[in-house]
file work.tsv (TSV, C-alpha atoms and all ligand atoms)
chain	number	residue	atom	x	y	z
A	139	MET	CA	5.03	25.05	2.07
A	140	GLN	CA	7.64	22.28	2.02
A	141	THR	CA	9.24	20.36	-0.84
A	142	LEU	CA	8.92	16.60	-1.09
A	143	SER	CA	12.51	16.06	-0.03
A	144	GLN	CA	12.14	18.43	2.95
A	145	LEU	CA	9.09	16.49	4.10
A	146	HIS	CA	10.99	13.24	3.66
A	147	THR	CA	13.83	14.53	5.85
A	148	ILE	CA	11.42	15.80	8.52
A	149	PHE	CA	9.73	12.40	8.67
A	150	GLN	CA	12.99	10.47	8.65
A	151	THR	CA	14.30	12.54	11.59
A	152	TYR	CA	11.10	11.87	13.56
A	153	LEU	CA	11.50	8.16	12.85
A	154	GLU	CA	15.08	8.20	14.17
A	155	GLU	CA	13.88	9.93	17.34
A	156	ASN	CA	11.14	7.36	17.88
A	157	LYS	CA	12.96	4.06	17.69
A	158	PHE	CA	11.47	0.97	19.33
A	159	ASN	CA	14.48	0.31	21.53
A	160	PHE	CA	12.47	-1.24	24.35
A	161	SER	CA	12.47	-4.54	26.20
A	162	PRO	CA	11.97	-7.40	25.47
A	163	LYS	CA	14.13	-7.02	22.39
A	164	GLU	CA	12.60	-10.15	20.80
A	165	LEU	CA	9.36	-8.16	20.50
A	166	TYR	CA	10.71	-4.75	19.48
A	167	GLU	CA	13.85	-5.43	17.45
A	168	PRO	CA	11.87	-6.78	14.45
A	169	ILE	CA	9.93	-3.50	14.42
A	170	ASP	CA	13.07	-1.42	14.18
A	171	TYR	CA	14.31	-3.89	11.57
A	172	ILE	CA	11.33	-3.51	9.25
A	173	LEU	CA	11.09	0.26	9.76
A	174	SER	CA	14.80	0.72	9.10
A	175	LEU	CA	14.60	-1.09	5.75
A	176	GLY	CA	13.14	2.09	4.36
A	177	GLY	CA	10.47	1.93	1.71
A	178	LYS	CA	8.97	4.88	-0.08
A	179	ARG	CA	7.23	6.33	3.01
A	180	LEU	CA	4.31	7.11	0.73
A	181	ARG	CA	1.54	7.07	3.35
A	182	PRO	CA	3.20	9.26	6.02
A	183	LEU	CA	4.28	11.70	3.31
A	184	LEU	CA	0.67	11.89	2.17
A	185	VAL	CA	-0.48	12.72	5.71
A	186	LEU	CA	2.09	15.53	5.83
A	187	MET	CA	1.39	16.76	2.30
A	188	SER	CA	-2.34	16.74	2.85
A	189	TYR	CA	-1.87	18.77	6.05
A	190	ASP	CA	0.51	21.06	4.15
A	191	LEU	CA	-2.26	21.85	1.64
A	192	PHE	CA	-4.07	23.73	4.37
A	193	LYS	CA	-1.54	24.72	7.06
A	194	ASP	CA	2.18	25.38	7.35
A	195	ASP	CA	3.27	23.80	10.64
A	196	VAL	CA	3.53	20.20	9.37
A	197	GLU	CA	5.22	19.06	12.59
A	198	ALA	CA	1.72	18.95	14.12
A	199	ALA	CA	0.87	16.03	11.82
A	200	LEU	CA	4.02	13.97	12.51
A	201	PRO	CA	2.55	11.61	15.15
A	202	ALA	CA	-0.32	10.75	12.78
A	203	ALA	CA	2.12	10.30	9.89
A	204	PHE	CA	4.18	7.91	12.01
A	205	SER	CA	1.05	6.11	13.16
A	206	VAL	CA	0.05	5.49	9.55
A	207	GLU	CA	3.55	4.21	8.65
A	208	ILE	CA	3.54	1.87	11.67
A	209	PHE	CA	0.13	0.57	10.58
A	210	HIS	CA	1.40	0.02	7.03
A	211	ASN	CA	4.44	-1.91	8.30
A	212	PHE	CA	2.29	-3.95	10.69
A	213	SER	CA	0.11	-4.92	7.73
A	214	LEU	CA	3.24	-5.92	5.78
A	215	LEU	CA	4.49	-8.19	8.60
A	216	HIS	CA	1.23	-10.09	8.63
A	217	ASP	CA	0.77	-9.92	4.84
A	218	ASP	CA	4.19	-11.49	4.29
A	219	ILE	CA	3.22	-14.41	6.52
A	220	MET	CA	-0.06	-14.87	4.62
A	221	ASP	CA	1.63	-14.52	1.21
A	222	GLU	CA	4.60	-16.72	2.22
A	223	ALA	CA	6.88	-13.95	0.98
A	224	PRO	CA	10.65	-14.34	1.45
A	225	LEU	CA	11.73	-10.78	0.58
A	226	ARG	CA	10.71	-7.27	1.60
A	227	ARG	CA	12.57	-4.12	0.57
A	228	GLY	CA	15.41	-6.29	-0.70
A	229	GLN	CA	15.92	-8.08	2.64
A	230	ALA	CA	14.52	-11.11	4.46
A	231	THR	CA	10.92	-10.71	5.65
A	232	VAL	CA	10.46	-10.62	9.45
A	233	HIS	CA	9.01	-14.13	9.68
A	234	THR	CA	11.91	-15.58	7.67
A	235	LYS	CA	14.62	-13.65	9.54
A	236	TYR	CA	13.04	-14.40	12.94
A	237	ASP	CA	10.01	-16.74	12.93
A	238	ILE	CA	6.25	-16.70	12.35
A	239	ASN	CA	5.35	-16.11	16.01
A	240	THR	CA	7.61	-13.06	16.02
A	241	GLY	CA	5.87	-11.74	12.91
A	242	ILE	CA	2.48	-12.18	14.58
A	243	LEU	CA	3.29	-10.64	17.97
A	244	SER	CA	5.53	-7.79	16.82
A	245	GLY	CA	2.78	-6.97	14.32
A	246	ASP	CA	0.16	-7.01	17.08
A	247	VAL	CA	2.06	-4.58	19.29
A	248	MET	CA	2.66	-2.30	16.31
A	249	LEU	CA	-1.09	-2.02	15.86
A	250	ILE	CA	-1.41	-0.85	19.48
A	251	TYR	CA	1.38	1.69	18.96
A	252	THR	CA	-0.54	3.21	16.06
A	253	TYR	CA	-3.17	4.26	18.60
A	254	LYS	CA	-0.58	5.43	21.13
A	255	TYR	CA	0.76	7.85	18.51
A	256	LEU	CA	-2.71	8.98	17.45
A	257	MET	CA	-3.41	9.86	21.08
A	258	GLN	CA	-0.74	12.54	20.79
A	259	LEU	CA	-3.38	14.48	18.85
A	260	ALA	CA	-5.45	14.65	22.04
A	261	THR	CA	-5.81	18.43	21.86
A	262	ASN	CA	-7.06	18.37	18.27
A	263	SER	CA	-10.79	19.06	18.17
A	264	ASN	CA	-11.20	16.58	15.28
A	265	LEU	CA	-9.60	13.66	17.15
A	266	ALA	CA	-12.77	11.54	17.32
A	267	GLU	CA	-13.32	11.85	13.58
A	268	ILE	CA	-9.66	11.17	12.85
A	269	ILE	CA	-9.85	7.94	14.88
A	270	ASN	CA	-13.08	7.03	13.10
A	271	VAL	CA	-11.37	7.36	9.73
A	272	PHE	CA	-8.43	5.29	10.95
A	273	ASN	CA	-10.69	2.57	12.38
A	274	GLN	CA	-12.58	2.27	9.11
A	275	VAL	CA	-9.26	1.96	7.25
A	276	ALA	CA	-8.15	-0.84	9.57
A	277	VAL	CA	-11.42	-2.73	9.05
A	278	ASP	CA	-11.19	-2.20	5.27
A	279	VAL	CA	-7.65	-3.59	5.14
A	280	CYS	CA	-8.69	-6.78	6.95
A	281	GLU	CA	-11.71	-7.23	4.65
A	282	GLY	CA	-9.55	-6.63	1.58
A	283	GLN	CA	-6.93	-9.11	2.77
A	284	GLN	CA	-9.59	-11.77	3.27
A	285	PHE	CA	-11.06	-11.19	-0.22
A	286	ASP	CA	-7.52	-11.38	-1.63
A	287	MET	CA	-7.01	-14.79	-0.02
A	288	ASN	CA	-10.51	-16.03	-0.93
A	289	PHE	CA	-9.77	-15.16	-4.56
A	290	GLU	CA	-6.65	-17.37	-4.58
A	291	LYS	CA	-8.98	-20.36	-4.54
A	292	ARG	CA	-11.51	-19.08	-7.08
A	293	ASP	CA	-11.31	-19.12	-10.87
A	294	ASN	CA	-14.32	-16.88	-11.59
A	295	VAL	CA	-13.41	-13.56	-9.95
A	296	ALA	CA	-14.93	-10.56	-11.74
A	297	ILE	CA	-12.83	-7.46	-12.45
A	298	ASP	CA	-15.24	-5.40	-10.32
A	299	GLU	CA	-14.60	-7.70	-7.38
A	300	TYR	CA	-10.86	-7.27	-7.86
A	301	ILE	CA	-11.15	-3.46	-7.91
A	302	ASN	CA	-13.26	-3.60	-4.75
A	303	MET	CA	-10.66	-5.86	-3.10
A	304	ILE	CA	-7.70	-3.56	-3.87
A	305	SER	CA	-9.77	-0.55	-2.91
A	306	LEU	CA	-10.12	-2.16	0.54
A	307	LYS	CA	-6.69	-3.72	1.08
A	308	THR	CA	-4.57	-0.87	-0.31
A	309	ALA	CA	-6.44	2.24	-1.43
A	310	SER	CA	-8.31	2.71	1.83
A	311	LEU	CA	-5.10	3.42	3.78
A	312	VAL	CA	-3.81	5.81	1.12
A	313	ALA	CA	-7.18	7.57	1.17
A	314	GLY	CA	-7.28	7.58	4.96
A	315	ALA	CA	-3.78	9.09	5.14
A	316	MET	CA	-4.97	11.97	2.95
A	317	LYS	CA	-8.16	12.49	4.93
A	318	MET	CA	-6.39	12.36	8.27
A	319	GLY	CA	-3.90	15.03	7.17
A	320	ALA	CA	-6.79	17.23	6.05
A	321	LEU	CA	-8.78	16.72	9.26
A	322	ILE	CA	-5.77	17.45	11.50
A	323	ALA	CA	-5.39	20.74	9.64
A	324	GLY	CA	-9.08	21.52	10.18
A	325	ALA	CA	-10.07	21.39	6.49
A	326	SER	CA	-13.74	21.66	5.48
A	327	ALA	CA	-15.76	18.44	5.14
A	328	GLU	CA	-15.84	18.82	1.33
A	329	ASP	CA	-12.10	19.32	1.05
A	330	ALA	CA	-11.44	16.36	3.37
A	331	GLU	CA	-13.68	14.21	1.15
A	332	HIS	CA	-11.86	15.29	-2.04
A	333	ALA	CA	-8.56	14.53	-0.27
A	334	TYR	CA	-9.93	11.07	0.57
A	335	GLU	CA	-11.08	10.41	-3.00
A	336	PHE	CA	-7.77	11.64	-4.40
A	337	GLY	CA	-6.03	9.10	-2.15
A	338	ARG	CA	-8.45	6.31	-2.98
A	339	ASN	CA	-7.95	6.69	-6.72
A	340	VAL	CA	-4.18	7.06	-6.38
A	341	GLY	CA	-4.26	3.96	-4.16
A	342	ILE	CA	-6.09	1.86	-6.75
A	343	ALA	CA	-3.62	2.98	-9.44
A	344	PHE	CA	-0.80	2.23	-6.99
A	345	GLN	CA	-1.94	-1.37	-6.42
A	346	LEU	CA	-2.42	-1.93	-10.16
A	347	GLN	CA	1.19	-0.81	-10.58
A	348	ASP	CA	2.28	-3.11	-7.72
A	349	ASP	CA	0.59	-6.04	-9.48
A	350	ILE	CA	2.30	-5.14	-12.77
A	351	LEU	CA	5.71	-4.90	-11.06
A	352	ASP	CA	5.17	-8.20	-9.23
A	353	THR	CA	5.22	-9.93	-12.62
A	354	PHE	CA	7.25	-7.60	-14.83
A	355	GLY	CA	9.49	-5.74	-12.35
A	356	ASP	CA	13.27	-5.79	-12.24
A	357	PRO	CA	14.26	-8.16	-9.40
A	358	GLN	CA	17.26	-5.92	-8.59
A	359	LYS	CA	15.03	-2.90	-7.99
A	360	PHE	CA	11.64	-4.26	-6.89
A	361	GLY	CA	12.80	-5.59	-3.49
A	362	LYS	CA	10.19	-8.37	-3.45
A	363	LYS	CA	10.20	-11.77	-5.10
A	364	VAL	CA	9.19	-11.21	-8.74
A	365	GLY	CA	6.50	-13.70	-9.75
A	366	GLY	CA	5.26	-14.16	-6.17
A	367	ASP	CA	1.67	-13.29	-7.10
A	368	ILE	CA	1.66	-15.94	-9.84
A	369	VAL	CA	3.00	-18.60	-7.45
A	370	GLN	CA	0.31	-17.68	-4.88
A	371	ASN	CA	-2.50	-17.75	-7.50
A	372	LYS	CA	-3.33	-14.09	-6.89
A	373	LYS	CA	-6.22	-12.94	-9.05
A	374	THR	CA	-4.66	-9.73	-10.27
A	375	TYR	CA	-5.98	-7.58	-13.09
A	376	LEU	CA	-3.43	-9.28	-15.35
A	377	VAL	CA	-4.97	-12.70	-14.70
A	378	LEU	CA	-8.60	-11.58	-14.88
A	379	LYS	CA	-8.18	-9.58	-18.07
A	380	SER	CA	-6.32	-12.49	-19.65
A	381	LEU	CA	-9.18	-14.85	-18.85
A	382	GLU	CA	-11.54	-12.35	-20.46
A	383	VAL	CA	-9.66	-11.81	-23.73
A	384	ALA	CA	-8.03	-15.23	-24.30
A	385	ASP	CA	-9.53	-17.92	-26.52
A	386	ALA	CA	-11.03	-20.99	-24.81
A	387	GLU	CA	-7.83	-23.02	-24.94
A	388	VAL	CA	-5.48	-20.39	-23.45
A	389	SER	CA	-8.12	-19.41	-20.94
A	390	GLU	CA	-8.43	-23.01	-19.76
A	391	LYS	CA	-4.64	-23.36	-19.54
A	392	LEU	CA	-4.36	-20.20	-17.43
A	393	SER	CA	-7.28	-21.15	-15.17
A	394	GLN	CA	-5.62	-24.46	-14.41
A	395	GLN	CA	-2.29	-22.85	-13.62
A	396	MET	CA	-3.88	-20.29	-11.31
A	397	VAL	CA	-5.78	-22.56	-8.92
A	398	THR	CA	-3.16	-25.23	-8.24
A	399	LYS	CA	0.00	-25.19	-6.12
A	400	THR	CA	3.14	-25.99	-8.08
A	401	THR	CA	6.44	-27.60	-7.23
A	402	ASP	CA	8.07	-25.95	-10.24
A	403	GLU	CA	7.69	-22.24	-9.56
A	404	VAL	CA	10.10	-21.12	-12.28
A	405	SER	CA	8.22	-22.79	-15.09
A	406	LYS	CA	4.83	-21.68	-13.75
A	407	ILE	CA	5.98	-18.05	-13.64
A	408	GLU	CA	7.41	-18.33	-17.15
A	409	THR	CA	4.25	-19.92	-18.58
A	410	VAL	CA	1.88	-17.40	-17.02
A	411	ARG	CA	4.03	-14.39	-17.88
A	412	GLY	CA	4.16	-15.71	-21.46
A	413	ILE	CA	0.36	-15.77	-21.60
A	414	PHE	CA	0.17	-12.18	-20.27
A	415	GLU	CA	2.67	-11.05	-22.91
A	416	SER	CA	0.87	-12.77	-25.78
A	417	LEU	CA	-2.38	-11.03	-24.79
A	418	ASN	CA	-0.88	-7.56	-24.10
A	419	VAL	CA	-2.67	-7.35	-20.77
A	420	ARG	CA	0.11	-5.26	-19.25
A	421	GLU	CA	-0.80	-2.41	-21.62
A	422	LEU	CA	-4.47	-2.81	-20.75
A	423	ALA	CA	-3.63	-2.61	-17.04
A	424	GLU	CA	-1.57	0.54	-17.65
A	425	GLY	CA	-4.61	2.12	-19.33
A	426	VAL	CA	-6.91	1.33	-16.41
A	427	LYS	CA	-4.29	2.66	-14.00
A	428	GLN	CA	-4.14	5.95	-15.87
A	429	GLY	CA	-7.93	6.26	-15.69
A	430	TYR	CA	-7.79	6.13	-11.88
A	431	GLN	CA	-4.92	8.57	-11.84
A	432	LYS	CA	-6.98	11.01	-13.90
A	433	THR	CA	-9.92	10.77	-11.50
A	434	ALA	CA	-7.50	11.33	-8.62
A	435	PHE	CA	-6.29	14.58	-10.19
A	436	GLU	CA	-9.86	15.78	-10.67
A	437	HIS	CA	-10.44	15.45	-6.93
A	438	LEU	CA	-7.19	17.23	-6.15
A	439	ASN	CA	-8.21	20.05	-8.50
A	440	SER	CA	-11.50	20.42	-6.60
A	441	ILE	CA	-9.83	21.15	-3.26
A	442	GLN	CA	-10.30	24.82	-2.39
A	443	VAL	CA	-6.65	25.88	-2.01
A	444	THR	CA	-4.25	27.53	-4.47
A	445	ASP	CA	-2.68	25.47	-7.25
A	446	GLU	CA	0.71	26.26	-5.84
A	447	ARG	CA	-0.04	24.35	-2.65
A	448	LYS	CA	-0.94	21.24	-4.71
A	449	GLN	CA	2.32	21.01	-6.62
A	450	THR	CA	4.13	18.50	-4.37
A	451	LEU	CA	1.13	16.15	-4.35
A	452	LYS	CA	0.91	16.36	-8.13
A	453	GLN	CA	4.60	15.61	-8.43
A	454	LEU	CA	4.39	12.61	-6.11
A	455	ALA	CA	1.28	11.16	-7.77
A	456	THR	CA	2.89	11.48	-11.19
A	457	GLU	CA	6.11	9.80	-10.05
A	458	LEU	CA	4.14	6.92	-8.56
A	459	LEU	CA	2.73	6.05	-11.98
A	460	GLU	CA	6.22	5.47	-13.32
A	461	ARG	CA	7.72	3.78	-10.28
A	462	GLU	CA	9.84	0.63	-10.51
A	463	VAL	CA	10.05	0.04	-6.73
A	501	LIG	C1	3.52	-2.34	-0.36
A	501	LIG	O1	3.45	-0.96	-0.22
A	501	LIG	C2	2.16	-2.90	-0.14
A	501	LIG	C3	1.21	-2.51	-1.19
A	501	LIG	C4	0.12	-1.93	-0.89
A	501	LIG	C5	1.49	-2.77	-2.57
A	501	LIG	P1	4.61	-0.01	-0.70
A	501	LIG	O2	4.99	-0.29	-2.13
A	501	LIG	O3	4.25	1.40	-0.38
A	501	LIG	O4	5.82	-0.48	0.22
A	501	LIG	P2	7.04	0.35	0.82
A	501	LIG	O5	6.58	0.90	2.12
A	501	LIG	O6	7.44	1.42	-0.17
A	501	LIG	O7	8.12	-0.69	1.00
A	502	LIG	C1	-0.78	-5.33	-0.10
A	502	LIG	O1	-0.97	-6.32	-0.97
A	502	LIG	C2	-1.86	-5.23	0.93
A	502	LIG	C3	-1.41	-5.16	2.32
A	502	LIG	C4	-0.17	-5.28	2.72
A	502	LIG	C5	-2.44	-4.95	3.33
A	502	LIG	P1	0.25	-7.17	-1.54
A	502	LIG	O2	0.30	-8.51	-0.91
A	502	LIG	O3	0.20	-7.08	-3.02
A	502	LIG	O4	1.51	-6.34	-1.04
A	502	LIG	P2	3.00	-6.76	-1.33
A	502	LIG	O5	3.12	-6.96	-2.81
A	502	LIG	O6	3.25	-7.99	-0.55
A	502	LIG	O7	3.81	-5.58	-0.87
A	503	MG	MG	-1.03	-9.80	0.07
A	504	MG	MG	2.05	-9.58	-0.18
A	505	MG	MG	1.95	-7.04	-4.37
call {"tool": "encode", "arguments": {"input": "work.tsv", "output": "structure tokens", "more": "lines below"}}
Ligand code: IPE
Ligand code: IPE
Ligand code: MG
Ligand code: MG
Ligand code: MG
result
Amino acid sequence: MQTLSQLHTIFQTYLEENKFNFSPKELYEPIDYILSLGGKRLRPLLVLMSYDLFKDDVEAALPAAFSVEIFHNFSLLHDDIMDEAPLRRGQATVHTKYDINTGILSGDVMLIYTYKYLMQLATNSNLAEIINVFNQVAVDVCEGQQFDMNFEKRDNVAIDEYINMISLKTASLVAGAMKMGALIAGASAEDAEHAYEFGRNVGIAFQLQDDILDTFGDPQKFGKKVGGDIVQNKKTYLVLKSLEVADAEVSEKLSQQMVTKTTDEVSKIETVRGIFESLNVRELAEGVKQGYQKTAFEHLNSIQVTDERKQTLKQLATELLEREV
């Protein structure tokens, strides 16, 4: 059994030993750049922690953990192009520091490297299933991203559609990380499924928190442009719940704001945040988030290992609920 900070150190060391210092540097340097900006390393830690539920030699899961972190960072490179985002982890996004073509191609090669690292599990008897899980995650993320962008142009998105979208674009990878860790360790099918569902529910809560922070976060801590979702007309829970509870006049005002492009970002962000505050939708989002967190813990409780082995996962999942970054 390892503590959270031990696992973090083990992963960080592996990352240092696996730098992308190859040629041509125009292709690989942006990869080292994004990976070196840090981040919470949530998904690789989940692979390691899930493995650690069942077996002690976590080093065996490191290539898969790295693969999942490369995939996550690849998705961020392309997501930041699609979302026109200037900041990531407190620094310039890859396409702003370099250019859009760099963001596309460095992202593409990262996706291939995810499979190169997974192939290091070649002797694992579950490899085919592990790759199946990973493939489904990758498809889910693309579908979720497309729904996310489709919703920017719609003013009648249902809350169920939003939950399905975040389940695909974000929760699927968190779930897949958990399931991959379990499968590498040779867990039973039932335990692997509970691990997956734990991750999926944590992932939905995680994206709800991300959406809350995008509007209400502290710009010094958040590392991304606060208000970016409002500028991009993202149909977050905050928007959809507001449209549901507001009177006709406020609802109409918000709808209009959230389908048009603005030249005055500052006043748009201020107006929309003001509507959210007047309707207390942040509190409502917090409540929904806690519901998913509770379901996540039920799945963790159902996994057939001792409570002691679950402590680090419980600690991490609890901290995620309160996060500001
Ligand atoms: C950002 O993920 C993308 C979302 C799914 C919200 P993280 O918040 O895990 O980003 P890093 O890796 O810690 O920077
Ligand atoms: C994250 O959605 C989904 C993926 C990166 C696939 P967001 O667009 O909300 O992520 P951030 O806020 O840019 O990190
Ligand atoms: Mg996005
Ligand atoms: Mg984004
Ligand atoms: Mg976001």
call {"tool": "atom_distance", "arguments": {"input": "work.tsv", "atom1": "CA of Leu265 in chain A", "atom2": "CA of Val206 in chain A"}}
result
14.8 Å
call {"tool": "closest_atom_pairs", "arguments": {"input": "work.tsv", "of": "chain A", "to": "ligand LIG 501 (chain A)", "cutoff": "7 Å", "atoms": "only C-alpha atoms and all ligand atoms", "output": "CSV"}}
result
residue,atom,partner,partner_atom,distance
A:Gly176,CA,A:LIG501,O7,6.6
A:Gly177,CA,A:LIG501,O7,3.6
A:Lys178,CA,A:LIG501,O6,3.8
A:Arg179,CA,A:LIG501,O5,5.5
A:Leu180,CA,A:LIG501,O3,5.8
A:Leu214,CA,A:LIG501,C2,6.7
A:Arg227,CA,A:LIG501,O7,5.6
A:Thr308,CA,A:LIG501,C4,4.8
A:Gln345,CA,A:LIG501,C5,5.3
A:Asp348,CA,A:LIG501,C5,5.2
A:Val463,CA,A:LIG501,O2,6.8
call {"tool": "atom_distance", "arguments": {"input": "work.tsv", "atom1": "CA of Glu415 in chain A", "atom2": "CA of Tyr375 in chain A"}}
result
13.5 Å
call {"tool": "atom_distance", "arguments": {"input": "work.tsv", "atom1": "CA of Lys399 in chain A", "atom2": "atom O1 of ligand LIG 502 (chain A)"}}
result
19.6 Å
call {"tool": "closest_residue", "arguments": {"input": "work.tsv", "among": "A:Tyr171, A:Tyr166, A:Tyr189, A:Phe158", "to": "Leu451 in chain A", "atoms": "only C-alpha atoms"}}
result
A:Tyr189
call {"tool": "residues_near_point", "arguments": {"input": "work.tsv", "point": "(15.2, 6.9, 16.4)", "cutoff": "12 Å", "atoms": "all atoms listed in the file", "output": "ChimeraX atom specification"}}
result
/A:149-160,169-171,173-174,204
call {"tool": "closest_atom_pairs", "arguments": {"input": "work.tsv", "of": "chain A", "to": "ligand MG 503 (chain A)", "cutoff": "10 Å", "atoms": "all atoms listed in the file", "output": "JSON lines"}}
result
{"residue": "A:Ser213", "atom": "CA", "partner": "A:MG503", "partner_atom": "MG", "distance": 9.2}
{"residue": "A:Leu214", "atom": "CA", "partner": "A:MG503", "partner_atom": "MG", "distance": 8.1}
{"residue": "A:His216", "atom": "CA", "partner": "A:MG503", "partner_atom": "MG", "distance": 8.9}
{"residue": "A:Asp217", "atom": "CA", "partner": "A:MG503", "partner_atom": "MG", "distance": 5.1}
{"residue": "A:Asp218", "atom": "CA", "partner": "A:MG503", "partner_atom": "MG", "distance": 6.9}
{"residue": "A:Ile219", "atom": "CA", "partner": "A:MG503", "partner_atom": "MG", "distance": 9.0}
{"residue": "A:Met220", "atom": "CA", "partner": "A:MG503", "partner_atom": "MG", "distance": 6.9}
{"residue": "A:Asp221", "atom": "CA", "partner": "A:MG503", "partner_atom": "MG", "distance": 5.5}
{"residue": "A:Glu222", "atom": "CA", "partner": "A:MG503", "partner_atom": "MG", "distance": 9.2}
{"residue": "A:Ala223", "atom": "CA", "partner": "A:MG503", "partner_atom": "MG", "distance": 9.0}
{"residue": "A:Gly282", "atom": "CA", "partner": "A:MG503", "partner_atom": "MG", "distance": 9.2}
{"residue": "A:Gln283", "atom": "CA", "partner": "A:MG503", "partner_atom": "MG", "distance": 6.5}
{"residue": "A:Gln284", "atom": "CA", "partner": "A:MG503", "partner_atom": "MG", "distance": 9.3}
{"residue": "A:Asp286", "atom": "CA", "partner": "A:MG503", "partner_atom": "MG", "distance": 6.9}
{"residue": "A:Met287", "atom": "CA", "partner": "A:MG503", "partner_atom": "MG", "distance": 7.8}
{"residue": "A:Ile304", "atom": "CA", "partner": "A:MG503", "partner_atom": "MG", "distance": 9.9}
{"residue": "A:Lys307", "atom": "CA", "partner": "A:MG503", "partner_atom": "MG", "distance": 8.4}
{"residue": "A:Thr308", "atom": "CA", "partner": "A:MG503", "partner_atom": "MG", "distance": 9.6}
{"residue": "A:Gly366", "atom": "CA", "partner": "A:MG503", "partner_atom": "MG", "distance": 9.9}
{"residue": "A:Asp367", "atom": "CA", "partner": "A:MG503", "partner_atom": "MG", "distance": 8.4}
{"residue": "A:Gln370", "atom": "CA", "partner": "A:MG503", "partner_atom": "MG", "distance": 9.4}
{"residue": "A:Lys372", "atom": "CA", "partner": "A:MG503", "partner_atom": "MG", "distance": 8.5}
call {"tool": "closest_residue", "arguments": {"input": "work.tsv", "among": "A:Ala309, A:Ile242, A:Leu422, A:Val232", "to": "Val383 in chain A", "atoms": "all atoms listed in the file"}}
result
A:Leu422
call {"tool": "closest_residue", "arguments": {"input": "work.tsv", "among": "A:Lys362, A:Lys163, A:Arg338, A:His233", "to": "ligand MG 504 (chain A)", "atoms": "all atoms listed in the file"}}
result
A:Lys362
call {"tool": "closest_residue", "arguments": {"input": "work.tsv", "among": "A:Ser416, A:Thr240, A:Thr444, A:Gln229", "to": "Leu175 in chain A", "atoms": "only C-alpha atoms"}}
result
A:Gln229
call {"tool": "decode", "arguments": {"input": "work.tsv", "residues": "range 403-414 of chain A", "atoms": "N, CA and C atoms", "output": "JSON list (two decimals), in the first residue's frame"}}
result
[["chain", "number", "residue", "atom", "x", "y", "z"],
["A", 403, "GLU", "N", -16.49, 40.95, -23.79],
["A", 403, "GLU", "CA", -16.47, 39.75, -22.94],
["A", 403, "GLU", "C", -16.69, 40.07, -21.47],
["A", 404, "VAL", "N", -16.05, 41.16, -21.00],
["A", 404, "VAL", "CA", -16.10, 41.48, -19.57],
["A", 404, "VAL", "C", -17.54, 41.71, -19.12],
["A", 405, "SER", "N", -18.29, 42.46, -19.92],
["A", 405, "SER", "CA", -19.66, 42.75, -19.46],
["A", 405, "SER", "C", -20.57, 41.53, -19.63],
["A", 406, "LYS", "N", -20.30, 40.71, -20.63],
["A", 406, "LYS", "CA", -21.09, 39.47, -20.77],
["A", 406, "LYS", "C", -20.87, 38.57, -19.54],
["A", 407, "ILE", "N", -19.61, 38.38, -19.17],
["A", 407, "ILE", "CA", -19.30, 37.51, -18.02],
["A", 407, "ILE", "C", -19.98, 38.05, -16.76],
["A", 408, "GLU", "N", -19.90, 39.37, -16.59],
["A", 408, "GLU", "CA", -20.49, 40.00, -15.40],
["A", 408, "GLU", "C", -22.01, 39.82, -15.37],
["A", 409, "THR", "N", -22.65, 40.04, -16.52],
["A", 409, "THR", "CA", -24.11, 39.90, -16.59],
["A", 409, "THR", "C", -24.55, 38.48, -16.27],
["A", 410, "VAL", "N", -23.89, 37.51, -16.92],
["A", 410, "VAL", "CA", -24.31, 36.11, -16.75],
["A", 410, "VAL", "C", -24.01, 35.63, -15.33],
["A", 411, "ARG", "N", -22.84, 36.00, -14.82],
["A", 411, "ARG", "CA", -22.53, 35.59, -13.44],
["A", 411, "ARG", "C", -23.54, 36.19, -12.46],
["A", 412, "GLY", "N", -23.96, 37.43, -12.74],
["A", 412, "GLY", "CA", -24.97, 38.08, -11.91],
["A", 412, "GLY", "C", -26.28, 37.30, -11.90],
["A", 413, "ILE", "N", -26.67, 36.80, -13.07],
["A", 413, "ILE", "CA", -27.91, 36.00, -13.15],
["A", 413, "ILE", "C", -27.75, 34.72, -12.32],
["A", 414, "PHE", "N", -26.61, 34.04, -12.48],
["A", 414, "PHE", "CA", -26.37, 32.81, -11.70],
["A", 414, "PHE", "C", -26.49, 33.11, -10.20]]
